[in-house]
>>> print(open('my_file35.txt').read())   # compact mmCIF, C-alpha atoms
# COMPACT_ATOMS: atom_id res chain seq x y z
CA MET K 1 104.64 125.41 37.69
CA ARG K 2 107.62 127.44 38.86
CA ALA K 3 107.31 131.20 38.72
CA TYR K 4 108.58 134.44 40.18
CA GLU K 5 106.04 136.78 41.74
CA ILE K 6 106.07 140.38 42.88
CA GLN K 7 104.29 139.80 46.15
CA ALA K 8 103.66 142.13 49.10
CA GLY K 9 104.98 145.41 47.73
CA PHE K 10 107.40 146.37 45.00
CA GLY K 11 111.16 146.05 44.69
CA LEU K 12 113.69 143.49 43.57
CA ASP K 13 113.81 142.17 47.12
CA LYS K 14 110.08 141.39 46.83
CA LEU K 15 110.60 139.22 43.76
CA VAL K 16 110.29 135.66 45.06
CA GLN K 17 110.17 132.22 43.48
CA VAL K 18 106.91 130.31 44.06
CA GLU K 19 105.08 127.18 43.01
CA ARG K 20 101.66 127.47 41.38
CA PRO K 21 99.31 124.81 39.99
CA ASP K 22 99.72 124.20 36.27
CA PRO K 23 97.09 126.27 34.44
CA THR K 24 94.59 124.60 32.11
CA PRO K 25 94.03 126.33 28.76
CA GLY K 26 90.49 127.53 28.21
CA PRO K 27 88.74 128.30 24.91
CA MET K 28 91.14 129.85 22.37
CA GLN K 29 94.03 129.57 24.86
CA VAL K 30 97.43 127.97 24.42
CA ARG K 31 99.65 126.62 27.21
CA VAL K 32 103.34 127.21 26.57
CA ARG K 33 106.27 125.67 28.43
CA VAL K 34 108.63 128.63 28.58
CA LYS K 35 112.23 127.98 27.59
CA ALA K 36 113.53 131.55 27.86
CA THR K 37 112.41 135.06 28.73
CA SER K 38 114.19 138.36 28.14
CA LEU K 39 114.15 141.48 30.27
CA ASN K 40 112.92 144.91 29.23
CA SER K 41 113.13 148.23 31.05
CA ARG K 42 109.35 148.02 31.46
CA ASP K 43 109.77 144.75 33.38
CA LEU K 44 112.25 146.33 35.78
CA MET K 45 109.99 149.35 36.25
CA MET K 46 107.06 147.02 36.94
CA VAL K 47 109.00 145.07 39.57
CA GLU K 48 110.12 148.30 41.24
CA GLY K 49 106.63 149.85 41.18
CA ARG K 50 107.61 152.70 38.88
CA TYR K 51 105.52 151.58 35.91
CA ASN K 52 102.17 151.16 37.62
CA PRO K 53 102.18 151.67 41.40
CA ARG K 54 98.52 150.54 41.44
CA GLN K 55 99.22 147.21 39.75
CA LYS K 56 97.40 144.42 41.54
CA LEU K 57 99.67 141.92 43.26
CA PRO K 58 100.84 139.20 43.20
CA LEU K 59 102.05 139.47 39.62
CA ILE K 60 104.35 137.34 37.49
CA PRO K 61 106.49 139.90 35.60
CA ASN K 62 108.05 139.88 32.10
CA SER K 63 106.45 140.21 28.70
CA ASP K 64 108.84 138.22 26.48
CA ALA K 65 108.56 134.45 26.25
CA ALA K 66 109.84 131.77 23.89
CA GLY K 67 108.88 128.14 24.37
CA VAL K 68 106.93 125.13 23.17
CA VAL K 69 103.17 124.63 23.06
CA ASP K 70 102.20 121.64 25.19
CA ALA K 71 98.40 121.97 25.34
CA VAL K 72 95.64 123.89 23.59
CA GLY K 73 92.11 124.77 24.57
CA PRO K 74 88.86 124.35 22.62
CA GLY K 75 88.71 126.21 19.31
CA VAL K 76 92.46 126.70 18.83
CA THR K 77 93.56 126.33 15.20
CA ARG K 78 96.66 128.54 14.85
CA VAL K 79 99.08 126.28 16.72
CA LYS K 80 99.35 122.72 17.98
CA PRO K 81 101.29 120.92 20.73
CA GLY K 82 104.98 120.76 19.87
CA ASP K 83 105.07 124.09 18.03
CA ARG K 84 107.75 126.59 19.03
CA VAL K 85 106.22 130.00 19.71
CA MET K 86 106.92 133.45 21.11
CA SER K 87 104.58 135.67 23.08
CA LEU K 88 102.84 138.74 21.68
CA PHE K 89 103.14 141.63 24.14
CA SER K 90 99.55 142.80 23.72
CA GLN K 91 97.51 139.63 23.47
CA ALA K 92 94.43 141.34 21.99
CA TRP K 93 96.15 143.44 19.31
CA SER K 94 96.35 141.73 15.95
CA ALA K 95 96.44 144.77 13.62
CA GLY K 96 95.34 148.37 13.17
CA GLU K 97 95.17 151.04 15.84
CA PRO K 98 95.50 150.10 19.52
CA THR K 99 92.30 149.81 21.53
CA ARG K 100 91.54 149.82 25.22
CA ALA K 101 91.27 146.03 25.04
CA ALA K 102 94.79 145.91 23.59
CA GLN K 103 96.16 148.16 26.31
CA VAL K 104 94.85 145.95 29.12
CA SER K 105 95.88 142.64 27.53
CA THR K 106 99.63 143.10 28.01
CA LEU K 107 101.79 140.39 29.54
CA GLY K 108 103.78 141.16 32.67
CA GLY K 109 101.13 143.60 33.87
CA PRO K 110 98.22 143.68 34.12
CA LEU K 111 98.27 140.04 32.92
CA ASP K 112 100.66 137.54 34.50
CA GLY K 113 103.82 137.31 32.44
CA ALA K 114 106.65 135.06 31.37
CA LEU K 115 109.03 134.82 34.34
CA ALA K 116 107.69 131.30 34.84
CA ASP K 117 108.10 127.89 33.29
CA THR K 118 104.51 127.97 32.00
CA VAL K 119 102.35 130.72 30.52
CA LEU K 120 98.87 130.86 29.03
CA LEU K 121 98.51 132.81 25.79
CA HIS K 122 95.61 133.56 23.48
CA GLU K 123 96.12 131.67 20.23
CA ASP K 124 96.41 135.02 18.41
CA GLY K 125 99.14 135.98 20.89
CA ALA K 126 101.32 132.95 20.17
CA VAL K 127 103.66 133.80 17.28
CA PRO K 128 105.65 131.05 15.48
CA THR K 129 109.37 131.10 16.28
CA PRO K 130 111.69 131.38 13.25
CA ALA K 131 113.34 127.97 12.93
CA TYR K 132 116.90 129.34 12.77
CA LEU K 133 116.69 131.05 16.18
CA SER K 134 117.47 129.48 19.53
CA ASP K 135 114.91 129.94 22.31
CA GLU K 136 117.22 132.43 24.02
CA GLU K 137 117.46 134.48 20.82
CA ALA K 138 113.73 134.24 20.10
CA ALA K 139 112.87 135.45 23.59
CA THR K 140 114.43 138.83 22.77
CA LEU K 141 112.02 139.66 19.94
CA PRO K 142 108.50 140.23 21.35
CA CYS K 143 109.01 143.70 22.84
CA ALA K 144 112.35 145.24 21.86
CA ALA K 145 112.50 144.06 18.24
CA VAL K 146 108.81 144.69 17.55
CA THR K 147 109.10 148.16 19.10
CA ALA K 148 112.05 149.02 16.85
CA TRP K 149 110.21 147.64 13.80
CA SER K 150 107.04 149.60 14.66
CA ALA K 151 109.04 152.81 15.05
CA LEU K 152 111.09 152.55 11.87
CA VAL K 153 108.87 150.55 9.51
CA THR K 154 105.21 150.37 10.56
CA HIS K 155 104.99 154.04 11.52
CA GLY K 156 108.33 155.54 10.48
CA ALA K 157 108.47 154.48 6.82
CA LEU K 158 112.28 154.63 7.00
CA LYS K 159 113.84 154.22 3.58
CA ALA K 160 117.23 153.70 2.00
CA GLY K 161 119.42 156.78 2.32
CA ASP K 162 117.61 158.17 5.37
CA THR K 163 119.63 158.96 8.48
CA VAL K 164 118.49 157.55 11.82
CA LEU K 165 119.81 158.54 15.25
CA LEU K 166 119.74 155.83 17.93
CA GLN K 167 120.19 156.41 21.65
CA GLY K 168 122.31 153.97 23.60
CA THR K 169 123.01 150.29 23.00
CA GLY K 170 120.16 148.55 24.81
CA GLY K 171 117.75 146.11 23.25
CA VAL K 172 115.53 148.50 21.27
CA SER K 173 118.43 150.56 19.93
CA ILE K 174 120.46 147.55 18.80
CA PHE K 175 117.43 146.05 17.06
CA ALA K 176 116.79 149.44 15.45
CA LEU K 177 120.39 149.40 14.23
CA GLN K 178 119.91 145.97 12.65
CA ILE K 179 116.60 146.98 11.05
CA ALA K 180 117.97 150.29 9.75
CA ARG K 181 120.87 148.42 8.21
CA LEU K 182 118.45 146.07 6.43
CA LEU K 183 116.66 149.12 5.01
CA GLY K 184 119.84 150.77 3.77
CA ALA K 185 119.70 153.75 6.13
CA ARG K 186 122.62 155.70 7.54
CA ILE K 187 123.00 155.01 11.27
CA ILE K 188 124.29 157.33 13.98
CA ILE K 189 124.34 155.88 17.49
CA THR K 190 125.15 157.33 20.91
CA SER K 191 126.71 155.77 24.00
CA SER K 192 128.83 156.81 26.96
CA SER K 193 131.23 153.95 26.13
CA ASP K 194 133.72 154.08 23.28
CA ALA K 195 133.95 150.29 23.45
CA LYS K 196 130.20 149.97 22.88
CA LEU K 197 130.36 152.46 20.02
CA ALA K 198 133.11 150.39 18.42
CA ARG K 199 131.00 147.26 18.78
CA ALA K 200 128.00 149.05 17.28
CA ARG K 201 130.11 149.92 14.24
CA THR K 202 130.85 146.23 13.71
CA LEU K 203 127.08 145.71 13.50
CA GLY K 204 126.70 148.39 10.85
CA ALA K 205 126.55 151.78 12.57
CA HIS K 206 128.19 154.44 10.41
CA GLU K 207 129.01 156.99 13.13
CA GLY K 208 129.10 156.99 16.91
CA ILE K 209 128.82 159.87 19.38
CA ASN K 210 130.04 159.52 22.97
CA TYR K 211 127.52 161.59 24.91
CA GLY K 212 129.79 161.48 27.95
CA THR K 213 132.57 163.37 26.19
CA THR K 214 130.21 165.14 23.79
CA PRO K 215 127.21 166.25 25.89
CA ASP K 216 125.85 168.31 22.98
CA TRP K 217 125.27 165.15 20.97
CA ASP K 218 122.35 166.79 19.20
CA LYS K 219 124.70 169.38 17.68
CA ALA K 220 127.17 166.64 16.79
CA ALA K 221 124.44 164.68 15.00
CA ARG K 222 123.40 167.77 13.03
CA ALA K 223 127.02 168.39 12.11
CA LEU K 224 127.28 164.86 10.75
CA THR K 225 124.36 165.65 8.44
CA GLY K 226 125.83 168.92 7.19
CA GLY K 227 123.66 170.95 9.54
CA VAL K 228 120.41 169.56 8.14
CA GLY K 229 119.45 167.17 10.95
CA VAL K 230 118.63 163.47 10.97
CA ASP K 231 115.47 162.06 9.45
CA HIS K 232 114.42 159.93 12.42
CA VAL K 233 115.32 159.73 16.11
CA VAL K 234 114.56 156.62 18.15
CA GLU K 235 114.01 158.33 21.50
CA VAL K 236 114.48 155.95 24.44
CA GLY K 237 115.77 158.41 27.03
CA GLY K 238 112.59 160.24 27.95
CA ALA K 239 112.35 163.66 29.57
CA GLY K 240 116.11 164.05 29.93
CA THR K 241 116.87 163.64 26.22
CA PHE K 242 113.68 164.68 24.43
CA GLU K 243 114.63 168.30 23.78
CA LYS K 244 117.98 167.29 22.31
CA SER K 245 116.18 164.82 20.05
CA LEU K 246 113.98 167.65 18.78
CA ARG K 247 117.09 169.68 18.03
CA ALA K 248 118.83 166.78 16.28
CA VAL K 249 116.02 165.99 13.82
CA ARG K 250 115.54 167.81 10.51
CA PRO K 251 112.48 169.95 9.71
CA GLY K 252 109.66 167.55 8.88
CA GLY K 253 111.47 164.67 10.56
CA THR K 254 110.19 162.08 13.04
CA VAL K 255 110.91 161.41 16.70
CA SER K 256 109.67 158.01 17.89
CA VAL K 257 109.10 158.16 21.65
CA ILE K 258 109.76 154.73 23.13
CA GLY K 259 111.37 154.87 26.56
CA VAL K 260 111.60 156.93 29.72
CA LEU K 261 115.02 155.88 30.99
CA SER K 262 115.84 159.41 32.15
CA GLY K 263 112.34 160.15 33.42
CA GLY K 264 108.78 160.27 32.17
CA ALA K 265 107.74 163.72 33.36
CA GLY K 266 108.92 167.02 31.97
CA THR K 267 107.86 170.09 30.04
CA VAL K 268 107.09 169.61 26.35
CA PRO K 269 108.78 172.21 24.11
CA LEU K 270 105.99 172.83 21.61
CA THR K 271 107.65 175.60 19.61
CA PRO K 272 110.25 173.45 17.80
CA ILE K 273 107.61 170.79 17.11
CA LEU K 274 105.34 173.40 15.52
CA MET K 275 107.93 175.54 13.76
CA GLN K 276 109.78 172.57 12.25
CA ASN K 277 106.67 170.57 11.40
CA LEU K 278 107.98 167.60 13.38
CA ARG K 279 106.19 164.30 13.81
CA VAL K 280 106.36 162.95 17.37
CA GLN K 281 105.13 159.36 17.46
CA GLY K 282 104.51 157.34 20.60
CA ILE K 283 105.31 153.64 20.15
CA PHE K 284 103.31 151.08 22.17
CA VAL K 285 105.43 148.06 21.13
CA GLY K 286 103.32 146.78 18.23
CA HIS K 287 100.65 144.45 16.91
CA ARG K 288 100.90 140.91 15.59
CA GLN K 289 100.96 142.07 11.97
CA SER K 290 104.17 143.99 12.68
CA PHE K 291 105.66 141.01 14.54
CA ASP K 292 104.93 138.72 11.59
CA ALA K 293 106.51 141.19 9.15
CA LEU K 294 109.58 141.51 11.37
CA ASN K 295 109.97 137.74 11.50
CA ARG K 296 109.78 137.44 7.71
CA ALA K 297 112.47 140.10 7.26
CA PHE K 298 114.76 138.67 9.93
CA ALA K 299 114.40 135.12 8.60
CA LEU K 300 115.09 136.23 5.01
CA HIS K 301 118.35 137.88 6.07
CA THR K 302 119.14 135.49 8.96
CA VAL K 303 119.40 138.38 11.42
CA ARG K 304 120.57 137.15 14.82
CA PRO K 305 119.55 139.09 17.94
CA VAL K 306 122.39 140.41 20.07
CA VAL K 307 122.24 138.64 23.45
CA ASP K 308 124.36 140.33 26.09
CA ARG K 309 124.16 137.58 28.73
CA VAL K 310 122.05 134.57 29.65
CA PHE K 311 121.17 133.97 33.31
CA GLU K 312 119.69 130.79 34.76
CA PHE K 313 116.17 130.81 36.23
CA SER K 314 117.55 130.76 39.78
CA GLU K 315 119.48 133.95 38.92
CA ALA K 316 116.46 136.02 37.84
CA ARG K 317 117.04 138.73 40.44
CA ALA K 318 120.68 139.03 39.40
CA ALA K 319 119.53 139.40 35.80
CA PHE K 320 117.39 142.38 36.78
CA GLU K 321 120.28 143.90 38.73
CA HIS K 322 122.50 143.50 35.64
CA LEU K 323 119.89 145.28 33.52
CA LYS K 324 119.56 148.04 36.10
CA ARG K 325 123.32 148.73 36.05
CA GLY K 326 123.05 149.54 32.34
CA ALA K 327 126.28 147.80 31.38
CA HIS K 328 124.56 145.51 28.89
CA PHE K 329 124.84 145.63 25.09
CA GLY K 330 121.72 144.22 23.47
CA LYS K 331 119.39 141.95 25.42
CA VAL K 332 119.53 140.26 28.84
CA VAL K 333 117.95 136.79 28.87
CA VAL K 334 116.85 134.33 31.55
CA ARG K 335 116.93 130.65 30.57
CA VAL K 336 113.84 128.98 32.06
CA GLY K 337 113.36 125.44 30.78
>>> encode(input="my_file35.txt", output="structure tokens")
Amino acid sequence: MRAYEIQAGFGLDKLVQVERPDPTPGPMQVRVRVKATSLNSRDLMMVEGRYNPRQKLPLIPNSDAAGVVDAVGPGVTRVKPGDRVMSLFSQAWSAGEPTRAAQVSTLGGPLDGALADTVLLHEDGAVPTPAYLSDEEAATLPCAAVTAWSALVTHGALKAGDTVLLQGTGGVSIFALQIARLLGARIIITSSSDAKLARARTLGAHEGINYGTTPDWDKAARALTGGVGVDHVVEVGGAGTFEKSLRAVRPGGTVSVIGVLSGGAGTVPLTPILMQNLRVQGIFVGHRQSFDALNRAFALHTVRPVVDRVFEFSEARAAFEHLKRGAHFGKVVVRVG
């Protein structure tokens, strides 16, 4: 099998293509020939050593895979050879609250991931691909789409007429836009690019705020709600944006903490959380039950993921560099098979 490994040390320059023996599926395991994988900020952080500097190497990165089952191990009943499937980020998390077992069963670290032409999955971690999606589109769903669904639906209980504030136009935020539109919510989105804001409006965003020209975007969001504040913030920025998110949300509202693009360490302003009775919810992607619900909703409405660009397998490092530059809109995909 062909794969990319993070080998002796971290960094994009340490990401090298290798050949490994084809794995044999064991009990309850499924072997998938990967057709496409998408990139997440977590994957880039893992490659660069910022996610877990103590991660054991070598490691095949990437959590998102879409492909075709070509062999199954003893006891497998969920899928069969020839089935199109996607990977579940946390292979041991089917439903309910996360457990320690779920936290250590994640693809792309600590388990080998999907930047390879073959991956082994647990049968519970192989999710059927909606028939209307291409492999490149399907590869975008396992982390970004499930994270957005978990934030807004599984935990957020977003409903028609609510107002949601989305940060940026990366994978999670664009999926959150599509999901919020399905639910009938009002959508405010931020970006430093007027062109991206215009594109977001074509997808259903109601208002856009350029945080480059309007650095007090929290005040702008409150103004758009008549001074009340938004019902829900999808917080992907991290330490650099968290306080503004707290100021943008209404009393009793929710902030879903998803990303750390501007840093993961910082002081936590407890007073506004307490005085405004805010709900701050950490989102660890999501379980299979959420993924299945997302797929049903997307298939019913034929929602198509927004793919920014597709790179070939030989261009995997360039794909990461493209993601790192932050010029993308939606998801960055690597075509594998």
>>> closest_residue(input="my_file35.txt", among="K:Ile189, K:Val16, K:Ala318, K:Cys143", to="K:Val172", atoms="only C-alpha atoms")
K:Cys143
>>> atom_distance(input="my_file35.txt", atom1="atom CA of K:Phe298", atom2="atom CA of K:Met86")
14.6 Å
>>> closest_residue(input="my_file35.txt", among="K:Ser90, K:Thr118, K:Ser290, K:Ser41", to="K:Leu152", atoms="all atoms listed in the file")
K:Ser290
>>> atom_distance(input="my_file35.txt", atom1="atom CA of K:Thr190", atom2="atom CA of K:Thr37")
26.8 Å
>>> closest_residue(input="my_file35.txt", among="K:Ala198, K:Leu141, K:Ala157, K:Met45", to="K:Arg304", atoms="only C-alpha atoms")
K:Leu141
>>> residues_around(input="my_file35.txt", residues="K:Arg317", least_positions_apart="6", cutoff="12 Å", atoms="all atoms listed in the file", output="CSV table (one decimal) with C-alpha atoms, keeping the file's coordinate frame")
chain,number,residue,atom,x,y,z
K,4,TYR,CA,108.6,134.4,40.2
K,5,GLU,CA,106.0,136.8,41.7
K,6,ILE,CA,106.1,140.4,42.9
K,11,GLY,CA,111.2,146.0,44.7
K,12,LEU,CA,113.7,143.5,43.6
K,13,ASP,CA,113.8,142.2,47.1
K,14,LYS,CA,110.1,141.4,46.8
K,15,LEU,CA,110.6,139.2,43.8
K,16,VAL,CA,110.3,135.7,45.1
K,17,GLN,CA,110.2,132.2,43.5
K,39,LEU,CA,114.2,141.5,30.3
K,43,ASP,CA,109.8,144.8,33.4
K,44,LEU,CA,112.2,146.3,35.8
K,47,VAL,CA,109.0,145.1,39.6
K,48,GLU,CA,110.1,148.3,41.2
K,61,PRO,CA,106.5,139.9,35.6
K,115,LEU,CA,109.0,134.8,34.3
K,311,PHE,CA,121.2,134.0,33.3
K,323,LEU,CA,119.9,145.3,33.5
K,324,LYS,CA,119.6,148.0,36.1
K,332,VAL,CA,119.5,140.3,28.8
K,333,VAL,CA,118.0,136.8,28.9
K,334,VAL,CA,116.8,134.3,31.6
>>> residues_around(input="my_file35.txt", residues="K:Pro58", least_positions_apart="2", cutoff="9 Å", atoms="all atoms listed in the file", output="number ranges by chain")
K: 5-9, 55-56, 60, 112
>>> residues_around(input="my_file35.txt", residues="K:Phe329", least_positions_apart="2", cutoff="9 Å", atoms="only C-alpha atoms", output="list in words")
Gly168, Thr169, Gly170, Gly171, Ile174, Lys196, Arg199, Val306, Val307, Asp308, Arg309, Gly326, Ala327, Lys331 and Val332 of chain K
>>> atom_distance(input="my_file35.txt", atom1="atom CA of K:Ala176", atom2="atom CA of K:Asn62")
21.1 Å
>>> residues_around(input="my_file35.txt", residues="K:Ile283", least_positions_apart="2", cutoff="12 Å", atoms="only C-alpha atoms", output="PyMOL selection string")
chain K and resi 97-98+143-144+146-156+172+234-236+255-260+280-281+285-287
>>> closest_residue(input="my_file35.txt", among="K:Val127, K:Gln167, K:Arg296, K:Phe175", to="K:Ser245", atoms="only C-alpha atoms")
K:Gln167
